[in-house]
>>> print(open('run08.cif').read())   # mmCIF, C-alpha atoms
data_coords
#
loop_
_atom_site.label_atom_id
_atom_site.label_comp_id
_atom_site.auth_asym_id
_atom_site.auth_seq_id
_atom_site.Cartn_x
_atom_site.Cartn_y
_atom_site.Cartn_z
CA MET A 1 -74.88 -60.84 -93.89
CA ARG A 2 -76.34 -58.74 -96.66
CA SER A 3 -79.26 -59.81 -98.80
CA THR A 4 -79.21 -59.58 -102.58
CA TRP A 5 -81.35 -57.71 -105.08
CA THR A 6 -83.30 -60.87 -105.90
CA ASP A 7 -84.13 -61.34 -102.21
CA LEU A 8 -86.24 -58.19 -102.29
CA PRO A 9 -90.02 -58.67 -102.51
CA THR A 10 -91.41 -58.06 -105.99
CA GLU A 11 -93.30 -55.03 -104.67
CA VAL A 12 -90.05 -53.41 -103.59
CA ARG A 13 -88.20 -54.19 -106.81
CA ASP A 14 -91.09 -52.76 -108.80
CA ALA A 15 -91.00 -49.56 -106.73
CA VAL A 16 -87.27 -49.19 -107.37
CA GLN A 17 -87.60 -49.90 -111.08
CA ALA A 18 -90.30 -47.25 -111.32
CA HIS A 19 -87.39 -44.83 -110.77
CA THR A 20 -84.55 -46.62 -112.53
CA GLY A 21 -86.19 -48.47 -115.39
CA GLU A 22 -85.82 -52.22 -115.87
CA VAL A 23 -82.74 -53.63 -114.17
CA THR A 24 -80.41 -55.46 -116.55
CA GLY A 25 -77.41 -56.04 -114.30
CA ILE A 26 -76.35 -55.98 -110.65
CA ASP A 27 -73.01 -55.25 -108.98
CA PRO A 28 -73.05 -55.88 -105.20
CA ALA A 29 -71.15 -53.36 -103.09
CA PRO A 30 -67.82 -54.86 -101.99
CA ALA A 31 -67.83 -53.20 -98.56
CA GLY A 32 -70.00 -51.56 -95.91
CA ASN A 33 -72.56 -52.86 -93.43
CA HIS A 34 -75.13 -50.11 -92.85
CA ALA A 35 -77.86 -51.51 -95.11
CA GLU A 36 -79.31 -54.90 -95.93
CA ILE A 37 -79.03 -54.23 -99.66
CA ALA A 38 -76.23 -52.22 -101.27
CA VAL A 39 -75.83 -52.67 -105.02
CA THR A 40 -75.24 -50.82 -108.25
CA LEU A 41 -78.14 -51.41 -110.62
CA HIS A 42 -77.57 -51.32 -114.37
CA THR A 43 -80.36 -50.34 -116.74
CA ALA A 44 -80.39 -49.64 -120.46
CA THR A 45 -79.60 -45.98 -119.87
CA ALA A 46 -77.78 -45.56 -116.55
CA ARG A 47 -76.34 -46.97 -113.35
CA THR A 48 -77.77 -46.22 -109.92
CA PHE A 49 -76.39 -47.13 -106.51
CA ILE A 50 -79.11 -48.25 -104.10
CA LYS A 51 -79.21 -48.96 -100.40
CA ALA A 52 -82.23 -50.59 -98.81
CA ALA A 53 -83.33 -51.93 -95.44
CA ARG A 54 -86.49 -53.49 -94.09
CA LYS A 55 -88.58 -52.11 -91.28
CA LEU A 56 -89.22 -54.05 -88.10
CA GLY A 57 -92.98 -54.38 -88.31
CA ASP A 58 -94.34 -50.86 -87.94
CA GLN A 59 -91.03 -49.55 -86.58
CA ASP A 60 -88.06 -48.33 -88.56
CA GLY A 61 -85.31 -50.24 -86.79
CA ALA A 62 -81.66 -49.12 -86.74
CA GLU A 63 -80.88 -49.70 -90.41
CA VAL A 64 -83.96 -47.94 -91.76
CA TRP A 65 -83.38 -45.11 -89.30
CA SER A 66 -79.81 -44.72 -90.58
CA LEU A 67 -81.06 -44.53 -94.17
CA ARG A 68 -83.59 -41.84 -93.24
CA ASN A 69 -80.81 -39.94 -91.50
CA GLU A 70 -78.62 -40.16 -94.59
CA ALA A 71 -81.47 -39.03 -96.85
CA ALA A 72 -82.20 -35.98 -94.68
CA ILE A 73 -78.56 -34.88 -94.64
CA ASN A 74 -77.71 -35.56 -98.29
CA PRO A 75 -78.96 -32.26 -99.81
CA HIS A 76 -76.57 -30.40 -97.50
CA VAL A 77 -73.41 -32.39 -98.29
CA THR A 78 -73.49 -32.74 -102.06
CA GLU A 79 -70.11 -30.96 -102.18
CA PHE A 80 -68.75 -34.23 -100.80
CA ALA A 81 -71.34 -36.94 -101.35
CA PRO A 82 -73.05 -38.61 -104.31
CA ARG A 83 -76.45 -37.00 -104.82
CA LEU A 84 -79.59 -38.73 -103.57
CA LEU A 85 -81.86 -39.15 -106.61
CA TRP A 86 -84.99 -40.69 -105.11
CA GLN A 87 -86.52 -42.63 -102.23
CA ALA A 88 -88.91 -45.57 -102.50
CA GLU A 89 -90.87 -47.13 -99.66
CA ALA A 90 -92.87 -50.30 -100.30
CA GLY A 91 -93.49 -53.73 -98.85
CA GLY A 92 -92.00 -52.81 -95.49
CA TRP A 93 -88.71 -51.66 -97.07
CA LEU A 94 -87.04 -48.27 -97.59
CA ALA A 95 -84.73 -47.86 -100.59
CA LEU A 96 -82.53 -44.91 -101.49
CA GLY A 97 -81.18 -44.32 -104.99
CA PHE A 98 -77.91 -42.39 -105.39
CA GLU A 99 -75.99 -41.22 -108.41
CA HIS A 100 -73.38 -43.79 -109.34
CA VAL A 101 -69.74 -42.81 -108.83
CA ASP A 102 -66.92 -44.41 -110.81
CA GLY A 103 -64.08 -44.56 -108.37
CA ARG A 104 -61.74 -46.68 -106.32
CA HIS A 105 -61.41 -46.94 -102.57
CA ALA A 106 -58.76 -44.66 -101.11
CA ASP A 107 -55.36 -45.89 -99.98
CA PHE A 108 -54.44 -44.70 -96.48
CA THR A 109 -51.06 -46.43 -96.27
CA PRO A 110 -48.06 -44.29 -95.25
CA GLY A 111 -46.75 -42.27 -98.18
CA SER A 112 -49.87 -42.76 -100.31
CA PRO A 113 -50.83 -39.72 -102.44
CA ASP A 114 -54.41 -40.39 -101.37
CA LEU A 115 -53.52 -39.03 -97.94
CA GLU A 116 -53.26 -35.56 -99.47
CA ILE A 117 -56.74 -36.00 -100.96
CA LEU A 118 -57.99 -37.17 -97.56
CA ALA A 119 -56.46 -34.13 -95.88
CA LYS A 120 -58.06 -31.70 -98.36
CA THR A 121 -61.41 -33.42 -97.89
CA LEU A 122 -61.16 -33.19 -94.12
CA GLN A 123 -60.11 -29.53 -94.25
CA SER A 124 -63.21 -28.73 -96.32
CA LEU A 125 -65.47 -30.85 -94.15
CA GLN A 126 -64.24 -29.13 -91.00
CA THR A 127 -65.25 -25.73 -92.34
CA THR A 128 -68.70 -26.83 -93.57
CA PRO A 129 -71.61 -25.61 -91.41
CA CYS A 130 -73.54 -28.37 -89.71
CA PRO A 131 -77.12 -28.42 -91.04
CA ASP A 132 -80.05 -28.49 -88.64
CA GLU A 133 -80.99 -31.93 -89.99
CA VAL A 134 -77.96 -33.40 -88.19
CA ARG A 135 -79.47 -34.12 -84.80
CA MET A 136 -77.24 -36.90 -83.52
CA ARG A 137 -74.86 -35.67 -80.80
CA VAL A 138 -71.58 -37.51 -81.19
CA GLU A 139 -70.65 -37.37 -77.50
CA ARG A 140 -73.57 -39.63 -76.59
CA ARG A 141 -71.74 -42.58 -78.12
CA TRP A 142 -69.29 -42.63 -75.26
CA ALA A 143 -71.61 -41.71 -72.39
CA PRO A 144 -71.85 -45.39 -71.29
CA VAL A 145 -68.09 -45.58 -70.65
CA ALA A 146 -67.09 -42.03 -69.64
CA GLU A 147 -68.29 -39.92 -66.73
CA ASP A 148 -67.87 -36.66 -68.65
CA VAL A 149 -68.37 -36.51 -72.42
CA THR A 150 -68.86 -32.74 -72.67
CA PRO A 151 -65.36 -32.18 -74.16
CA MET A 152 -66.52 -34.08 -77.26
CA ALA A 153 -69.60 -31.90 -77.70
CA GLY A 154 -69.80 -29.16 -80.29
CA ASN A 155 -71.56 -28.07 -83.45
CA ALA A 156 -69.16 -29.13 -86.19
CA LEU A 157 -70.39 -31.44 -88.93
CA LEU A 158 -68.85 -34.90 -88.48
CA HIS A 159 -69.03 -37.82 -90.90
CA THR A 160 -67.68 -40.14 -88.12
CA ASP A 161 -66.77 -43.07 -90.38
CA LEU A 162 -64.27 -41.74 -92.89
CA ASN A 163 -62.47 -45.02 -93.51
CA SER A 164 -60.78 -45.85 -96.80
CA ASP A 165 -63.86 -47.69 -98.13
CA ASN A 166 -65.97 -44.57 -97.63
CA LEU A 167 -63.62 -42.28 -99.56
CA LEU A 168 -63.89 -42.90 -103.30
CA ILE A 169 -61.27 -41.45 -105.63
CA THR A 170 -62.55 -40.78 -109.15
CA PRO A 171 -60.37 -41.23 -112.27
CA ASP A 172 -59.77 -37.45 -112.36
CA GLY A 173 -58.55 -37.45 -108.75
CA GLN A 174 -61.68 -36.06 -107.09
CA ALA A 175 -62.90 -37.36 -103.75
CA ARG A 176 -66.44 -38.48 -103.00
CA VAL A 177 -67.42 -39.36 -99.44
CA VAL A 178 -70.07 -42.06 -99.11
CA ASP A 179 -72.11 -43.59 -96.28
CA TRP A 180 -73.33 -40.65 -94.20
CA ALA A 181 -75.61 -42.87 -92.13
CA PHE A 182 -74.05 -41.82 -88.84
CA ALA A 183 -73.24 -38.19 -89.47
CA ALA A 184 -73.32 -36.26 -86.21
CA ARG A 185 -72.52 -32.91 -84.63
CA GLY A 186 -69.72 -32.50 -82.13
CA ALA A 187 -66.26 -31.09 -81.53
CA ALA A 188 -64.39 -30.92 -84.85
CA TRP A 189 -61.34 -32.76 -83.49
CA VAL A 190 -63.45 -35.86 -82.81
CA GLU A 191 -63.53 -36.54 -86.57
CA LEU A 192 -59.77 -36.95 -86.47
CA GLY A 193 -59.94 -39.11 -83.37
CA VAL A 194 -62.31 -41.60 -84.97
CA LEU A 195 -60.13 -41.61 -88.10
CA THR A 196 -57.00 -42.64 -86.19
CA PRO A 197 -57.71 -46.41 -85.97
CA TRP A 198 -58.19 -46.51 -89.74
CA LEU A 199 -54.74 -44.96 -90.19
CA LEU A 200 -53.28 -47.60 -87.86
CA LYS A 201 -55.04 -50.33 -89.82
CA ALA A 202 -53.44 -48.97 -93.00
CA GLY A 203 -49.97 -49.37 -91.49
CA HIS A 204 -49.25 -46.11 -89.68
CA THR A 205 -47.66 -46.30 -86.25
CA PRO A 206 -49.49 -44.48 -83.46
CA ALA A 207 -46.75 -41.83 -83.53
CA GLY A 208 -46.96 -41.57 -87.31
CA ALA A 209 -50.73 -41.20 -87.23
CA ALA A 210 -50.42 -38.51 -84.55
CA ASP A 211 -47.91 -36.63 -86.68
CA TRP A 212 -50.21 -36.77 -89.73
CA ILE A 213 -53.22 -35.57 -87.76
CA SER A 214 -51.26 -32.67 -86.29
CA GLN A 215 -51.74 -30.74 -89.56
CA PHE A 216 -55.34 -29.96 -88.53
CA THR A 217 -55.98 -26.86 -86.45
CA SER A 218 -58.96 -28.38 -84.66
CA TRP A 219 -56.67 -31.11 -83.33
CA THR A 220 -53.76 -28.97 -82.25
CA ALA A 221 -56.11 -26.44 -80.62
CA ALA A 222 -57.91 -29.11 -78.58
CA ASP A 223 -56.99 -29.70 -74.94
CA PRO A 224 -54.69 -32.77 -74.91
CA ALA A 225 -56.44 -33.98 -71.76
CA HIS A 226 -59.72 -34.03 -73.66
CA ILE A 227 -58.18 -36.10 -76.44
CA ASP A 228 -56.73 -38.49 -73.86
CA LEU A 229 -60.17 -38.85 -72.28
CA PHE A 230 -61.68 -39.53 -75.68
CA SER A 231 -59.04 -42.10 -76.62
CA GLN A 232 -59.73 -44.05 -73.42
CA ALA A 233 -63.50 -43.90 -73.90
CA PHE A 234 -63.11 -44.91 -77.54
CA ALA A 235 -61.06 -47.96 -76.57
CA ALA A 236 -63.43 -48.89 -73.73
CA ARG A 237 -66.46 -48.75 -76.01
CA TRP A 238 -64.85 -51.00 -78.62
CA ALA A 239 -63.68 -53.38 -75.91
CA GLN A 240 -67.35 -53.72 -74.97
CA HIS A 241 -68.25 -54.46 -78.59
CA ALA A 242 -65.48 -57.07 -78.83
CA ALA A 243 -66.63 -58.74 -75.60
CA ARG A 244 -69.89 -59.77 -77.23
CA LEU A 245 -70.38 -63.44 -77.96
CA ALA A 246 -68.58 -64.33 -81.24
CA PRO A 247 -67.85 -60.79 -82.46
CA GLU A 248 -66.97 -60.26 -86.11
CA ALA A 249 -63.26 -60.19 -86.91
CA TRP A 250 -63.32 -56.52 -87.89
CA VAL A 251 -64.81 -55.60 -84.50
CA THR A 252 -62.02 -57.41 -82.66
CA LEU A 253 -59.44 -55.68 -84.87
CA HIS A 254 -60.97 -52.24 -84.30
CA ALA A 255 -60.98 -52.85 -80.56
CA ASP A 256 -57.27 -53.66 -80.73
CA LEU A 257 -56.51 -50.57 -82.82
CA THR A 258 -58.37 -48.22 -80.47
CA ARG A 259 -56.58 -49.84 -77.52
CA ARG A 260 -53.18 -49.28 -79.16
CA TRP A 261 -54.01 -45.64 -79.77
CA ALA A 262 -55.23 -45.06 -76.21
CA GLU A 263 -52.07 -46.63 -74.82
CA HIS A 264 -49.98 -44.38 -77.05
CA ARG A 265 -51.89 -41.30 -75.87
CA THR A 266 -51.81 -42.09 -72.16
CA GLY A 267 -48.64 -44.19 -71.80
CA ARG A 268 -50.47 -46.86 -69.87
CA PRO A 269 -52.49 -50.00 -70.68
CA SER A 270 -56.17 -49.42 -71.46
#
>>> encode(input="run08.cif", output="structure tokens")
Amino acid sequence: MRSTWTDLPTEVRDAVQAHTGEVTGIDPAPAGNHAEIAVTLHTATARTFIKAARKLGDQDGAEVWSLRNEAAINPHVTEFAPRLLWQAEAGGWLALGFEHVDGRHADFTPGSPDLEILAKTLQSLQTTPCPDEVRMRVERRWAPVAEDVTPMAGNALLHTDLNSDNLLITPDGQARVVDWAFAARGAAWVELGVLTPWLLKAGHTPAGAADWISQFTSWTAADPAHIDLFSQAFAARWAQHAARLAPEAWVTLHADLTRRWAEHRTGRPS
């Protein structure tokens, strides 16, 4: 569960307001789970979106690490992402301030015009050089459940979590991709593989999702056996997550969606 702006120590709020000015209003983010605080702050002159997480003693911990990762990558992806304006570290917390984007979450349902915007965004992303700051190797995510993850390796820039909440559509129809906490490098087709469950969640059938994804050269050029291997590893990893004691509902759903996709790919139960 996320904390709120008022839960932050005074020292941290003061450090943030040194950048923003006095906060006069707060709008909590309606979605996302990669930071303890995610809110839009209103001041007399502007709005700023902030994400913040607390350190674990002297160590960063996973959430602070993900914020540092996002901050390092941001200057290289401003074609897609809201610009990072400042960083503040105080009282055992790290806060990032981003330009505010007026926009709505994308609609991935079959037939939605937002799918064309998604496709254009992905086409651009897949031709963007991966900056040196992206050090996470995407294939390592599936090493615990697959004997060989080398087919997933590569040097393409991957967002890895391009769900509908992370694609904002502005009033003039532009796309802004948010939450780059887990950007990684790997084979370009993996981006499309991790997108597939989100298409299923939006109402696509496995066959329909496969047809939509077939417009991308990285996907059609990939060895089908490698994609099958990935789909099985993807499902196995989420089955592990769902097997935890009292998993969150969205984890159980994602495990089911990845299972459905793997069964469609391989023609046999996962």
>>> closest_residue(input="run08.cif", among="A:Gly173, A:Leu125, A:Asp179, A:Val77", to="Pro113 (chain A)", atoms="all atoms listed in the file")
A:Gly173
>>> residues_around(input="run08.cif", residues="region 20-22 of chain A", least_positions_apart="5", cutoff="8 Å", atoms="all atoms listed in the file", output="PyMOL selection string")
chain A and resi 43-44+46+48
>>> closest_residue(input="run08.cif", among="A:Asp172, A:Glu191, A:Glu70, A:Glu79", to="Ala119 (chain A)", atoms="only C-alpha atoms")
A:Glu191
>>> resolve_selection(input="run08.cif", expression="the PyMOL selection byres ((chain A and resi 88) around 10)", output="MDAnalysis selection string")
chainID A and resid 12:19 52 86:87 89:90 93:97
>>> resolve_selection(input="run08.cif", expression="the PyMOL selection byres ((chain A and resi 161) around 8)", output="ChimeraX atom specification")
/A:159-160,162-163,166,179-180,182,194-195
>>> closest_atom_pairs(input="run08.cif", of="region 88-147 of chain A", to="region 230-244 of chain A", cutoff="12 Å", atoms="all atoms listed in the file", output="Markdown table")
| residue | atom | partner | partner_atom | distance |
| --- | --- | --- | --- | --- |
| A:Val138 | CA | A:Phe230 | CA | 11.5 |
| A:Glu139 | CA | A:Phe230 | CA | 9.4 |
| A:Arg140 | CA | A:Ala233 | CA | 11.3 |
| A:Arg141 | CA | A:Arg237 | CA | 8.4 |
| A:Trp142 | CA | A:Ala233 | CA | 6.1 |
| A:Ala143 | CA | A:Ala233 | CA | 8.5 |
| A:Pro144 | CA | A:Arg237 | CA | 7.9 |
| A:Val145 | CA | A:Ala233 | CA | 5.9 |
| A:Ala146 | CA | A:Ala233 | CA | 5.9 |
| A:Glu147 | CA | A:Ala233 | CA | 9.5 |
>>> resolve_selection(input="run08.cif", expression="the PyMOL selection byres ((chain A and resi 128) around 10)", output="PyMOL selection string")
chain A and resi 76-77+79+122-127+129-131+156-158
>>> closest_residue(input="run08.cif", among="A:Ser214, A:Ala181, A:Gly267, A:Ile227", to="Thr150 (chain A)", atoms="only C-alpha atoms")
A:Ile227
>>> residues_around(input="run08.cif", residues="Ser164 (chain A)", least_positions_apart="5", cutoff="7 Å", atoms="only C-alpha atoms", output="list in words")
His105, Ala106, Asp107 and Phe108 of chain A
>>> atom_distance(input="run08.cif", atom1="CA of Leu85 (chain A)", atom2="CA of Asp165 (chain A)")
21.7 Å
>>> residues_near_point(input="run08.cif", point="(-86.4, -28.2, -91.5)", cutoff="12 Å", atoms="all atoms listed in the file", output="list in words")
Ala72, Ile73, Pro75, His76, Pro131, Asp132, Glu133, Val134 and Arg135 of chain A
>>> atom_distance(input="run08.cif", atom1="CA of Ala188 (chain A)", atom2="CA of Trp65 (chain A)")
24.1 Å
>>> closest_residue(input="run08.cif", among="A:Ala183, A:Ile26, A:Leu229, A:Leu253", to="Met136 (chain A)", atoms="only C-alpha atoms")
A:Ala183
>>> atom_distance(input="run08.cif", atom1="CA of Asp256 (chain A)", atom2="CA of Lys201 (chain A)")
9.9 Å
